[in-house]
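What's in structure_33.txt: compact mmCIF, C-alpha atoms and all ligand atoms
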# COMPACT_ATOMS: atom_id res chain seq x y z
CA MET A 498 0.00 0.00 0.00
CA PHE A 499 2.78 2.43 0.97
CA PHE A 500 4.51 1.60 -2.32
CA GLN A 501 1.37 2.48 -4.30
CA ILE A 502 0.85 5.80 -2.48
CA LYS A 503 4.49 6.77 -3.07
CA SER A 504 4.21 5.72 -6.71
CA TYR A 505 1.03 7.75 -7.15
CA LEU A 506 2.60 10.88 -5.67
CA GLN A 507 5.56 10.47 -8.06
CA PHE A 508 3.11 9.99 -10.92
CA LEU A 509 1.20 13.18 -10.01
CA TRP A 510 4.47 15.11 -9.88
CA HIS A 511 5.55 13.99 -13.37
CA SER A 512 2.20 13.77 -15.11
CA LYS A 513 0.91 16.22 -17.70
CA ASN A 514 -2.22 16.75 -19.77
CA GLU A 515 -2.64 17.24 -23.51
CA HIS A 516 -1.28 20.81 -23.42
CA ALA A 517 2.24 19.52 -22.86
CA VAL A 518 2.07 17.08 -25.77
CA HIS A 519 3.56 18.04 -29.15
CA SER A 520 3.12 14.75 -30.98
CA PRO A 521 0.00 15.10 -33.22
CA PHE A 522 -0.65 11.35 -32.92
CA VAL A 523 -0.69 11.46 -29.12
CA PHE A 524 -2.44 14.86 -28.95
CA ASN A 525 -5.30 13.60 -31.15
CA PHE A 526 -5.53 10.36 -29.20
CA LEU A 527 -5.79 12.26 -25.91
CA THR A 528 -8.24 14.93 -27.02
CA LYS A 529 -10.49 12.76 -29.21
CA CYS A 530 -10.44 9.61 -27.11
CA PHE A 531 -9.01 9.82 -23.58
CA TYR A 532 -10.66 13.12 -22.67
CA ASP A 533 -13.88 12.56 -24.62
CA LYS A 534 -16.50 13.21 -21.91
CA LYS A 535 -19.56 12.76 -24.11
CA SER A 536 -21.91 9.97 -23.12
CA LYS A 537 -22.21 7.01 -25.56
CA PRO A 538 -25.14 4.64 -26.11
CA GLU A 539 -22.79 1.69 -25.52
CA TYR A 540 -22.17 2.86 -21.93
CA VAL A 541 -25.77 1.85 -21.16
CA ILE A 542 -24.96 -1.73 -22.22
CA LEU A 543 -21.72 -1.72 -20.23
CA ARG A 544 -23.65 -0.59 -17.15
CA ALA A 545 -26.34 -3.24 -17.65
CA TYR A 546 -23.67 -5.97 -18.03
CA ARG A 547 -22.06 -4.84 -14.75
CA LYS A 548 -25.39 -4.47 -12.96
CA SER A 549 -26.45 -8.02 -13.78
CA LEU A 550 -23.17 -9.37 -12.36
CA LEU A 551 -23.45 -7.24 -9.23
CA ALA A 552 -26.96 -8.61 -8.69
CA ASN A 553 -25.72 -12.21 -8.98
CA LYS A 554 -25.34 -13.67 -5.47
CA ASN A 555 -24.65 -17.25 -6.67
CA THR A 556 -21.31 -18.76 -5.79
CA ILE A 557 -18.69 -20.42 -7.98
CA GLU A 558 -15.54 -22.34 -7.18
CA VAL A 559 -12.64 -20.41 -8.58
CA ALA A 560 -9.31 -21.86 -9.71
CA ASP A 561 -6.55 -19.68 -8.37
CA PHE A 562 -3.53 -18.87 -10.52
CA GLY A 563 -0.25 -17.60 -9.17
CA SER A 564 -0.03 -16.10 -5.72
CA GLY A 565 -3.69 -16.41 -4.67
CA SER A 566 -6.04 -13.59 -3.77
CA LYS A 567 -5.44 -10.75 -1.33
CA VAL A 568 -9.21 -10.15 -1.18
CA PHE A 569 -10.66 -13.67 -0.85
CA LYS A 570 -9.85 -16.30 1.76
CA SER A 571 -11.79 -19.12 0.11
CA ASN A 572 -12.01 -20.37 -3.47
CA ILE A 573 -15.83 -20.48 -3.20
CA ARG A 574 -16.76 -16.94 -4.18
CA VAL A 575 -19.91 -14.91 -4.67
CA ILE A 576 -20.12 -13.77 -8.30
CA SER A 577 -20.98 -10.15 -7.43
CA LYS A 578 -17.87 -10.00 -5.23
CA VAL A 579 -15.65 -11.40 -8.00
CA ALA A 580 -17.04 -8.72 -10.34
CA ASN A 581 -16.23 -6.05 -7.78
CA ALA A 582 -12.76 -7.30 -6.90
CA ALA A 583 -11.34 -8.53 -10.22
CA GLY A 584 -13.31 -6.61 -12.82
CA ILE A 585 -12.38 -3.39 -14.53
CA SER A 586 -13.99 -0.24 -13.03
CA ARG A 587 -16.87 1.52 -14.80
CA LYS A 588 -14.72 4.47 -15.84
CA ARG A 589 -11.93 2.23 -17.15
CA ALA A 590 -14.40 0.08 -19.08
CA GLU A 591 -15.71 3.23 -20.76
CA LEU A 592 -12.16 4.28 -21.59
CA LEU A 593 -11.35 0.80 -22.96
CA PHE A 594 -14.48 1.05 -25.10
CA ARG A 595 -13.33 4.47 -26.43
CA ILE A 596 -9.78 3.25 -27.15
CA THR A 597 -11.14 0.26 -29.11
CA ASN A 598 -13.63 2.45 -30.89
CA TYR A 599 -10.94 5.04 -31.73
CA PHE A 600 -8.40 2.63 -33.23
CA GLN A 601 -10.94 0.12 -34.66
CA PRO A 602 -8.61 -2.88 -34.28
CA ASP A 603 -9.95 -5.83 -36.25
CA CYS A 604 -8.20 -8.50 -34.17
CA ILE A 605 -8.03 -8.22 -30.36
CA LEU A 606 -6.56 -10.35 -27.57
CA GLU A 607 -7.47 -10.07 -23.91
CA ILE A 608 -5.26 -11.88 -21.41
CA GLY A 609 -7.48 -12.38 -18.35
CA THR A 610 -11.26 -12.51 -18.93
CA SER A 611 -12.61 -13.01 -15.41
CA LEU A 612 -16.36 -12.28 -15.81
CA GLY A 613 -15.94 -10.42 -19.08
CA LEU A 614 -16.42 -6.85 -17.87
CA ALA A 615 -13.50 -5.59 -19.95
CA THR A 616 -14.36 -8.04 -22.75
CA SER A 617 -17.75 -6.37 -23.14
CA ALA A 618 -16.02 -2.99 -23.59
CA LEU A 619 -13.63 -4.43 -26.20
CA SER A 620 -16.51 -6.11 -28.00
CA LEU A 621 -18.73 -3.03 -28.12
CA GLY A 622 -15.76 -0.87 -29.16
CA ASN A 623 -15.64 -2.67 -32.48
CA LEU A 624 -18.42 -5.16 -33.13
CA LYS A 625 -16.66 -6.18 -36.35
CA ALA A 626 -13.47 -7.18 -34.53
CA LYS A 627 -12.53 -10.76 -33.76
CA ILE A 628 -11.82 -10.92 -30.04
CA THR A 629 -9.99 -13.76 -28.33
CA THR A 630 -10.13 -13.71 -24.54
CA LEU A 631 -8.16 -16.08 -22.28
CA GLU A 632 -9.14 -17.33 -18.83
CA GLY A 633 -7.75 -20.23 -16.82
CA CYS A 634 -10.72 -20.79 -14.50
CA PRO A 635 -13.48 -22.78 -16.29
CA ASN A 636 -16.24 -21.79 -13.82
CA THR A 637 -15.43 -18.09 -14.11
CA MET A 638 -15.33 -18.36 -17.90
CA ALA A 639 -18.71 -20.16 -17.91
CA ILE A 640 -20.29 -17.09 -16.27
CA ALA A 641 -18.47 -14.74 -18.67
CA LYS A 642 -19.72 -16.80 -21.65
CA SER A 643 -23.34 -16.70 -20.52
CA GLN A 644 -23.08 -12.94 -19.86
CA LEU A 645 -21.62 -12.32 -23.32
CA GLN A 646 -24.42 -14.37 -24.87
CA LEU A 647 -27.05 -12.57 -22.82
CA PHE A 648 -25.84 -9.24 -24.20
CA HIS A 649 -25.42 -10.59 -27.76
CA LEU A 650 -21.70 -9.87 -27.82
CA ASP A 651 -21.08 -12.49 -30.45
CA ASN A 652 -17.70 -11.36 -31.73
CA VAL A 653 -15.86 -12.93 -28.76
CA ASN A 654 -14.03 -16.25 -28.77
CA PRO A 655 -13.60 -17.24 -25.08
CA VAL A 656 -10.75 -19.71 -24.52
CA VAL A 657 -10.24 -21.59 -21.24
CA THR A 658 -6.49 -22.00 -20.93
CA GLU A 659 -3.44 -21.29 -18.86
CA PHE A 660 -1.95 -18.19 -20.51
CA SER A 661 1.61 -19.41 -21.15
CA SER A 662 0.55 -22.68 -22.67
CA TYR A 663 -1.85 -20.92 -25.05
CA LEU A 664 0.72 -18.30 -26.06
CA ASP A 665 3.44 -20.95 -26.42
CA ASP A 666 1.27 -23.13 -28.63
CA LEU A 667 -0.10 -20.40 -30.81
CA ARG A 668 1.50 -19.98 -34.20
CA LEU A 669 1.86 -16.36 -33.24
CA SER A 670 3.27 -15.01 -36.44
CA THR A 671 0.01 -15.90 -38.21
CA PHE A 672 -1.96 -13.65 -35.83
CA ASP A 673 -1.89 -9.92 -36.01
CA PHE A 674 -3.58 -8.75 -32.85
CA LYS A 675 -3.98 -5.00 -33.30
CA LEU A 676 -4.93 -4.48 -29.67
CA ILE A 677 -3.88 -6.58 -26.68
CA TYR A 678 -5.18 -5.97 -23.17
CA PHE A 679 -2.84 -7.56 -20.60
CA ASP A 680 -4.87 -8.06 -17.43
CA GLY A 681 -4.00 -11.48 -16.09
CA ASN A 682 -0.97 -12.45 -14.13
CA HIS A 683 0.40 -9.22 -12.66
CA SER A 684 3.96 -10.33 -12.06
CA LYS A 685 7.12 -9.07 -13.73
CA LYS A 686 8.17 -12.54 -14.91
CA ALA A 687 4.81 -13.40 -16.50
CA THR A 688 4.30 -9.94 -18.00
CA LEU A 689 7.72 -10.01 -19.69
CA GLU A 690 7.18 -13.60 -20.81
CA TYR A 691 3.87 -12.70 -22.52
CA PHE A 692 5.49 -9.58 -23.96
CA ASP A 693 8.25 -11.67 -25.59
CA LEU A 694 5.85 -14.37 -26.82
CA LEU A 695 3.58 -11.80 -28.44
CA LEU A 696 6.23 -9.58 -30.05
CA PRO A 697 6.10 -11.54 -33.34
CA THR A 698 2.45 -10.42 -33.77
CA ILE A 699 3.09 -6.66 -33.81
CA THR A 700 2.24 -4.42 -36.72
CA ASN A 701 2.76 -0.68 -37.14
CA GLU A 702 -0.80 -0.08 -35.86
CA THR A 703 -0.62 -2.33 -32.82
CA VAL A 704 -1.53 -0.97 -29.39
CA TRP A 705 -0.88 -2.88 -26.19
CA ILE A 706 -2.38 -1.96 -22.83
CA PHE A 707 -0.82 -3.25 -19.61
CA ASP A 708 -2.93 -3.09 -16.46
CA ASP A 709 -1.56 -2.29 -12.98
CA ILE A 710 1.89 -1.11 -14.03
CA HIS A 711 2.44 0.54 -10.62
CA TRP A 712 0.85 -2.24 -8.58
CA SER A 713 4.16 -3.51 -7.14
CA PRO A 714 7.90 -2.78 -7.41
CA ASP A 715 8.13 -5.80 -9.72
CA MET A 716 5.43 -4.57 -12.09
CA LYS A 717 7.07 -1.16 -12.15
CA LYS A 718 10.35 -2.81 -13.19
CA ALA A 719 8.50 -4.76 -15.91
CA TRP A 720 7.00 -1.49 -17.19
CA GLU A 721 10.46 0.18 -17.29
CA ILE A 722 11.81 -2.72 -19.37
CA ILE A 723 8.80 -2.70 -21.70
CA LYS A 724 8.77 1.03 -22.39
CA ASN A 725 12.50 1.04 -23.12
CA HIS A 726 12.28 -1.89 -25.54
CA PRO A 727 13.72 -0.87 -28.95
CA LYS A 728 10.56 -1.90 -30.83
CA ILE A 729 8.42 0.52 -28.81
CA THR A 730 8.29 4.10 -29.95
CA VAL A 731 5.53 5.77 -27.95
CA SER A 732 4.55 4.82 -24.41
CA ILE A 733 1.87 6.41 -22.24
CA ASP A 734 1.77 5.93 -18.48
CA THR A 735 -1.69 6.72 -17.02
CA PHE A 736 -0.73 5.22 -13.61
CA GLN A 737 -3.23 2.34 -13.78
CA TRP A 738 -2.42 1.51 -17.40
CA GLY A 739 0.67 1.57 -19.55
CA LEU A 740 -0.02 1.88 -23.27
CA VAL A 741 2.62 1.16 -25.88
CA PHE A 742 2.77 1.75 -29.64
CA PHE A 743 5.13 0.38 -32.28
CA ARG A 744 4.65 3.09 -34.93
CA ARG A 745 7.94 3.30 -36.80
CA GLU A 746 7.30 6.89 -37.96
CA GLN A 747 7.14 8.20 -34.36
CA PRO A 748 10.23 9.38 -32.51
CA LYS A 749 10.74 7.48 -29.27
CA GLU A 750 8.89 9.37 -26.56
CA HIS A 751 7.47 8.53 -23.14
CA PHE A 752 4.40 10.36 -21.83
CA VAL A 753 3.04 10.44 -18.29
CA ILE A 754 -0.59 11.49 -18.63
CA ARG A 755 -3.28 12.36 -16.07
CA ILE A 756 -6.75 11.17 -17.02
C1 LIG B 801 -7.81 -9.25 -13.09
S1 LIG B 801 -8.72 -10.62 -13.68
C2 LIG B 801 -9.23 -10.07 -15.28
C3 LIG B 801 -10.24 -8.99 -15.21
C4 LIG B 801 -10.90 -8.66 -16.52
N1 LIG B 801 -9.95 -8.34 -17.57
C5 LIG B 801 -11.83 -7.49 -16.33
O1 LIG B 801 -11.37 -6.35 -16.37
O2 LIG B 801 -13.01 -7.70 -16.10
C6 LIG B 801 -7.46 -11.77 -14.09
C7 LIG B 801 -7.99 -13.15 -14.51
O3 LIG B 801 -6.90 -13.87 -15.02
C8 LIG B 801 -6.97 -15.24 -14.62
N2 LIG B 801 -5.58 -15.75 -14.58
C9 LIG B 801 -4.56 -15.27 -13.81
N3 LIG B 801 -3.41 -15.92 -14.10
C10 LIG B 801 -3.72 -16.83 -15.06
C11 LIG B 801 -2.96 -17.76 -15.81
N4 LIG B 801 -1.64 -17.88 -15.60
N5 LIG B 801 -3.58 -18.48 -16.76
C12 LIG B 801 -4.91 -18.36 -16.97
N6 LIG B 801 -5.70 -17.49 -16.31
C13 LIG B 801 -5.11 -16.73 -15.36
C14 LIG B 801 -7.65 -15.23 -13.26
O4 LIG B 801 -8.35 -16.43 -13.07
C15 LIG B 801 -8.55 -13.99 -13.35
O5 LIG B 801 -9.87 -14.34 -13.65

Reformat the file's structure so that it appears as structure tokens.
Amino acid sequence: MFFQIKSYLQFLWHSKNEHAVHSPFVFNFLTKCFYDKKSKPEYVILRAYRKSLLANKNTIEVADFGSGSKVFKSNIRVISKVANAAGISRKRAELLFRITNYFQPDCILEIGTSLGLATSALSLGNLKAKITTLEGCPNTMAIAKSQLQLFHLDNVNPVVTEFSSYLDDLRLSTFDFKLIYFDGNHSKKATLEYFDLLLPTITNETVWIFDDIHWSPDMKKAWEIIKNHPKITVSIDTFQWGLVFFRREQPKEHFVIRI
């Protein structure tokens, strides 16, 4: 906790808004997408998806990956509580919707489905996109699947798998995921492993979003390594998320942006 507070104060000290940005690509992205305050019809669907999960007091047995949960003591969990603890926040889901809608990626990968709160934002952001979402816990994915069906979000391919084995097996170079949302195993080792496994899929238009980059000293180190990688030109640190771009025409530049 102390680490996160210190990190946040450092972030506030260094962060800027669009007025300090000279890159037209980043300026347009911030003004037309990040800071777009207008309400969207899709937000109503996002809210309904969340509301139905928060009203669900059934329990499921959850398979735990990695270091276990800081929030839950037992693996039998109430669905509404899983939605609250593991799911993306309302504001972030709206931002994820806008980012998807802004870039219109036709092929999307989500690493970490949980109950599909972020998946619904990716899906609505571009209904024509093909979205693959990965989740290791079959019971959690079963709820996500039925939610996605209930809301007619038919452009999603939910895959129950351990992340590394899926990414290892995939003939990655045949995929060109234009947007990847990394929201699964928040450890430095796993994040860098997925980063390396997915590098062969990048195109000039690719955008990758890493969740919780300031969650722990380890994740912060992973973020430093990622943003300094030679293939990455633009990186944007929003505290919760780190976004990276591979656009060859951009000079290498790192932005710390308040949203
Ligand atoms: C933070 S939650 C995802 C939240 C979701 N993206 C959202 O915003 O609604 C992370 C999910 O990743 C799954 N997970 C974590 N490590 C995994 C692994 N190594 N393989 C497969 N699934 C894993 C967990 O079961 C959990 O449901």

Note to self: Taking all atoms listed in the file and a cut-off of 7 Å, can you tell me which residues surround ligand LIG 801 (chain B), written as JSON, numbers by chain?
What the structure shows: {"A": [560, 561, 562, 563, 583, 584, 585, 608, 609, 610, 611, 612, 613, 614, 615, 616, 631, 632, 633, 634, 637, 658, 659, 660, 661, 680, 681, 682]}

Take the residues just selected and output them with C-alpha atoms as a CSV table (one decimal), in the frame of the given file.
chain,number,residue,atom,x,y,z
A,560,ALA,CA,-9.3,-21.9,-9.7
A,561,ASP,CA,-6.6,-19.7,-8.4
A,562,PHE,CA,-3.5,-18.9,-10.5
A,563,GLY,CA,-0.2,-17.6,-9.2
A,583,ALA,CA,-11.3,-8.5,-10.2
A,584,GLY,CA,-13.3,-6.6,-12.8
A,585,ILE,CA,-12.4,-3.4,-14.5
A,608,ILE,CA,-5.3,-11.9,-21.4
A,609,GLY,CA,-7.5,-12.4,-18.4
A,610,THR,CA,-11.3,-12.5,-18.9
A,611,SER,CA,-12.6,-13.0,-15.4
A,612,LEU,CA,-16.4,-12.3,-15.8
A,613,GLY,CA,-15.9,-10.4,-19.1
A,614,LEU,CA,-16.4,-6.8,-17.9
A,615,ALA,CA,-13.5,-5.6,-20.0
A,616,THR,CA,-14.4,-8.0,-22.8
A,631,LEU,CA,-8.2,-16.1,-22.3
A,632,GLU,CA,-9.1,-17.3,-18.8
A,633,GLY,CA,-7.8,-20.2,-16.8
A,634,CYS,CA,-10.7,-20.8,-14.5
A,637,THR,CA,-15.4,-18.1,-14.1
A,658,THR,CA,-6.5,-22.0,-20.9
A,659,GLU,CA,-3.4,-21.3,-18.9
A,660,PHE,CA,-2.0,-18.2,-20.5
A,661,SER,CA,1.6,-19.4,-21.2
A,680,ASP,CA,-4.9,-8.1,-17.4
A,681,GLY,CA,-4.0,-11.5,-16.1
A,682,ASN,CA,-1.0,-12.4,-14.1

Notebook entry, point to check: Which residue gives the smallest distance to Ile596 in chain A among A:Val559, A:Val731, A:Ile542, A:Leu621, with only C-alpha atoms counted?
Noted result: A:Leu621

Note to self: Between A:Lys717, A:His511, A:Arg745, A:Lys625, which residue has the minimum interatomic distance to Ile729 in chain A, considering all atoms listed in the file?
What the structure shows: A:Arg745

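Counting only C-alpha atoms, the residue from A:Ile723, A:Val575, A:Leu509, A:Leu667 that sits nearest to Lys685 in chain A is A:Ile723.
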
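As for CA of Lys686 in chain A and CA of Phe752 in chain A, they are spaced 24.2 Å apart.
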
Give me range 711-739 of chain A from this structure - N, CA, C and O atoms, as a short mmCIF file (atom, residue, chain, number, x, y, z; two decimals), in the first residue's frame.
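Result file is result.cif:
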data_model
loop_
_atom_site.label_atom_id
_atom_site.label_comp_id
_atom_site.auth_asym_id
_atom_site.auth_seq_id
_atom_site.Cartn_x
_atom_site.Cartn_y
_atom_site.Cartn_z
N HIS A 711 1.82 0.04 -11.87
CA HIS A 711 2.44 0.54 -10.62
C HIS A 711 1.95 -0.24 -9.40
O HIS A 711 2.01 0.25 -8.28
N TRP A 712 1.46 -1.45 -9.65
CA TRP A 712 0.85 -2.24 -8.58
C TRP A 712 1.89 -2.71 -7.56
O TRP A 712 1.62 -2.82 -6.38
N SER A 713 3.11 -2.98 -8.03
CA SER A 713 4.16 -3.51 -7.14
C SER A 713 5.51 -3.08 -7.71
O SER A 713 5.60 -2.72 -8.89
N PRO A 714 6.57 -3.13 -6.89
CA PRO A 714 7.90 -2.78 -7.41
C PRO A 714 8.26 -3.62 -8.63
O PRO A 714 8.87 -3.14 -9.58
N ASP A 715 7.83 -4.90 -8.61
CA ASP A 715 8.13 -5.80 -9.72
C ASP A 715 7.44 -5.38 -11.01
O ASP A 715 8.03 -5.43 -12.09
N MET A 716 6.17 -4.99 -10.89
CA MET A 716 5.43 -4.57 -12.09
C MET A 716 6.00 -3.27 -12.63
O MET A 716 6.04 -3.04 -13.84
N LYS A 717 6.46 -2.42 -11.73
CA LYS A 717 7.07 -1.16 -12.15
C LYS A 717 8.36 -1.44 -12.95
O LYS A 717 8.63 -0.79 -13.96
N LYS A 718 9.11 -2.44 -12.47
CA LYS A 718 10.35 -2.81 -13.19
C LYS A 718 9.99 -3.37 -14.57
O LYS A 718 10.66 -3.08 -15.57
N ALA A 719 8.93 -4.18 -14.62
CA ALA A 719 8.50 -4.76 -15.91
C ALA A 719 8.14 -3.62 -16.87
O ALA A 719 8.53 -3.62 -18.04
N TRP A 720 7.42 -2.62 -16.35
CA TRP A 720 7.00 -1.49 -17.19
C TRP A 720 8.23 -0.72 -17.72
O TRP A 720 8.28 -0.33 -18.89
N GLU A 721 9.24 -0.52 -16.86
CA GLU A 721 10.46 0.18 -17.29
C GLU A 721 11.13 -0.57 -18.44
O GLU A 721 11.56 0.03 -19.43
N ILE A 722 11.18 -1.89 -18.32
CA ILE A 722 11.81 -2.72 -19.37
C ILE A 722 11.00 -2.62 -20.66
O ILE A 722 11.54 -2.43 -21.75
N ILE A 723 9.68 -2.72 -20.52
CA ILE A 723 8.80 -2.70 -21.70
C ILE A 723 8.92 -1.36 -22.43
O ILE A 723 9.14 -1.31 -23.64
N LYS A 724 8.81 -0.27 -21.69
CA LYS A 724 8.77 1.03 -22.39
C LYS A 724 10.12 1.37 -23.04
O LYS A 724 10.17 2.14 -24.00
N ASN A 725 11.18 0.78 -22.53
CA ASN A 725 12.50 1.04 -23.12
C ASN A 725 12.87 0.04 -24.22
O ASN A 725 13.95 0.13 -24.81
N HIS A 726 11.98 -0.89 -24.50
CA HIS A 726 12.28 -1.89 -25.54
C HIS A 726 12.44 -1.18 -26.90
O HIS A 726 11.67 -0.28 -27.23
N PRO A 727 13.45 -1.58 -27.68
CA PRO A 727 13.72 -0.87 -28.95
C PRO A 727 12.57 -0.86 -29.94
O PRO A 727 12.46 0.05 -30.76
N LYS A 728 11.69 -1.85 -29.88
CA LYS A 728 10.56 -1.90 -30.83
C LYS A 728 9.48 -0.87 -30.49
O LYS A 728 8.63 -0.54 -31.31
N ILE A 729 9.48 -0.41 -29.24
CA ILE A 729 8.42 0.52 -28.81
C ILE A 729 8.85 1.95 -29.05
O ILE A 729 9.94 2.36 -28.65
N THR A 730 7.97 2.70 -29.71
CA THR A 730 8.29 4.10 -29.95
C THR A 730 7.59 4.98 -28.91
O THR A 730 8.24 5.64 -28.11
N VAL A 731 6.26 4.91 -28.89
CA VAL A 731 5.53 5.77 -27.95
C VAL A 731 5.02 4.93 -26.78
O VAL A 731 4.47 3.84 -26.97
N SER A 732 5.19 5.46 -25.56
CA SER A 732 4.55 4.82 -24.41
C SER A 732 3.81 5.89 -23.61
O SER A 732 4.24 7.05 -23.56
N ILE A 733 2.68 5.48 -23.04
CA ILE A 733 1.87 6.41 -22.24
C ILE A 733 1.57 5.76 -20.90
O ILE A 733 0.97 4.68 -20.85
N ASP A 734 2.01 6.41 -19.83
CA ASP A 734 1.77 5.93 -18.48
C ASP A 734 0.59 6.72 -17.90
O ASP A 734 0.67 7.94 -17.77
N THR A 735 -0.52 6.02 -17.61
CA THR A 735 -1.69 6.72 -17.02
C THR A 735 -1.84 6.32 -15.54
O THR A 735 -2.92 6.44 -14.99
N PHE A 736 -0.81 5.80 -14.96
CA PHE A 736 -0.73 5.22 -13.61
C PHE A 736 -1.34 3.82 -13.59
O PHE A 736 -0.63 2.87 -13.37
N GLN A 737 -2.64 3.69 -13.80
CA GLN A 737 -3.23 2.34 -13.78
C GLN A 737 -2.78 1.53 -15.01
O GLN A 737 -2.46 0.36 -14.91
N TRP A 738 -2.74 2.19 -16.15
CA TRP A 738 -2.42 1.51 -17.40
C TRP A 738 -1.13 2.05 -18.01
O TRP A 738 -0.86 3.27 -17.93
N GLY A 739 -0.42 1.17 -18.68
CA GLY A 739 0.67 1.57 -19.55
C GLY A 739 0.31 1.19 -20.97
O GLY A 739 -0.02 0.02 -21.23
#
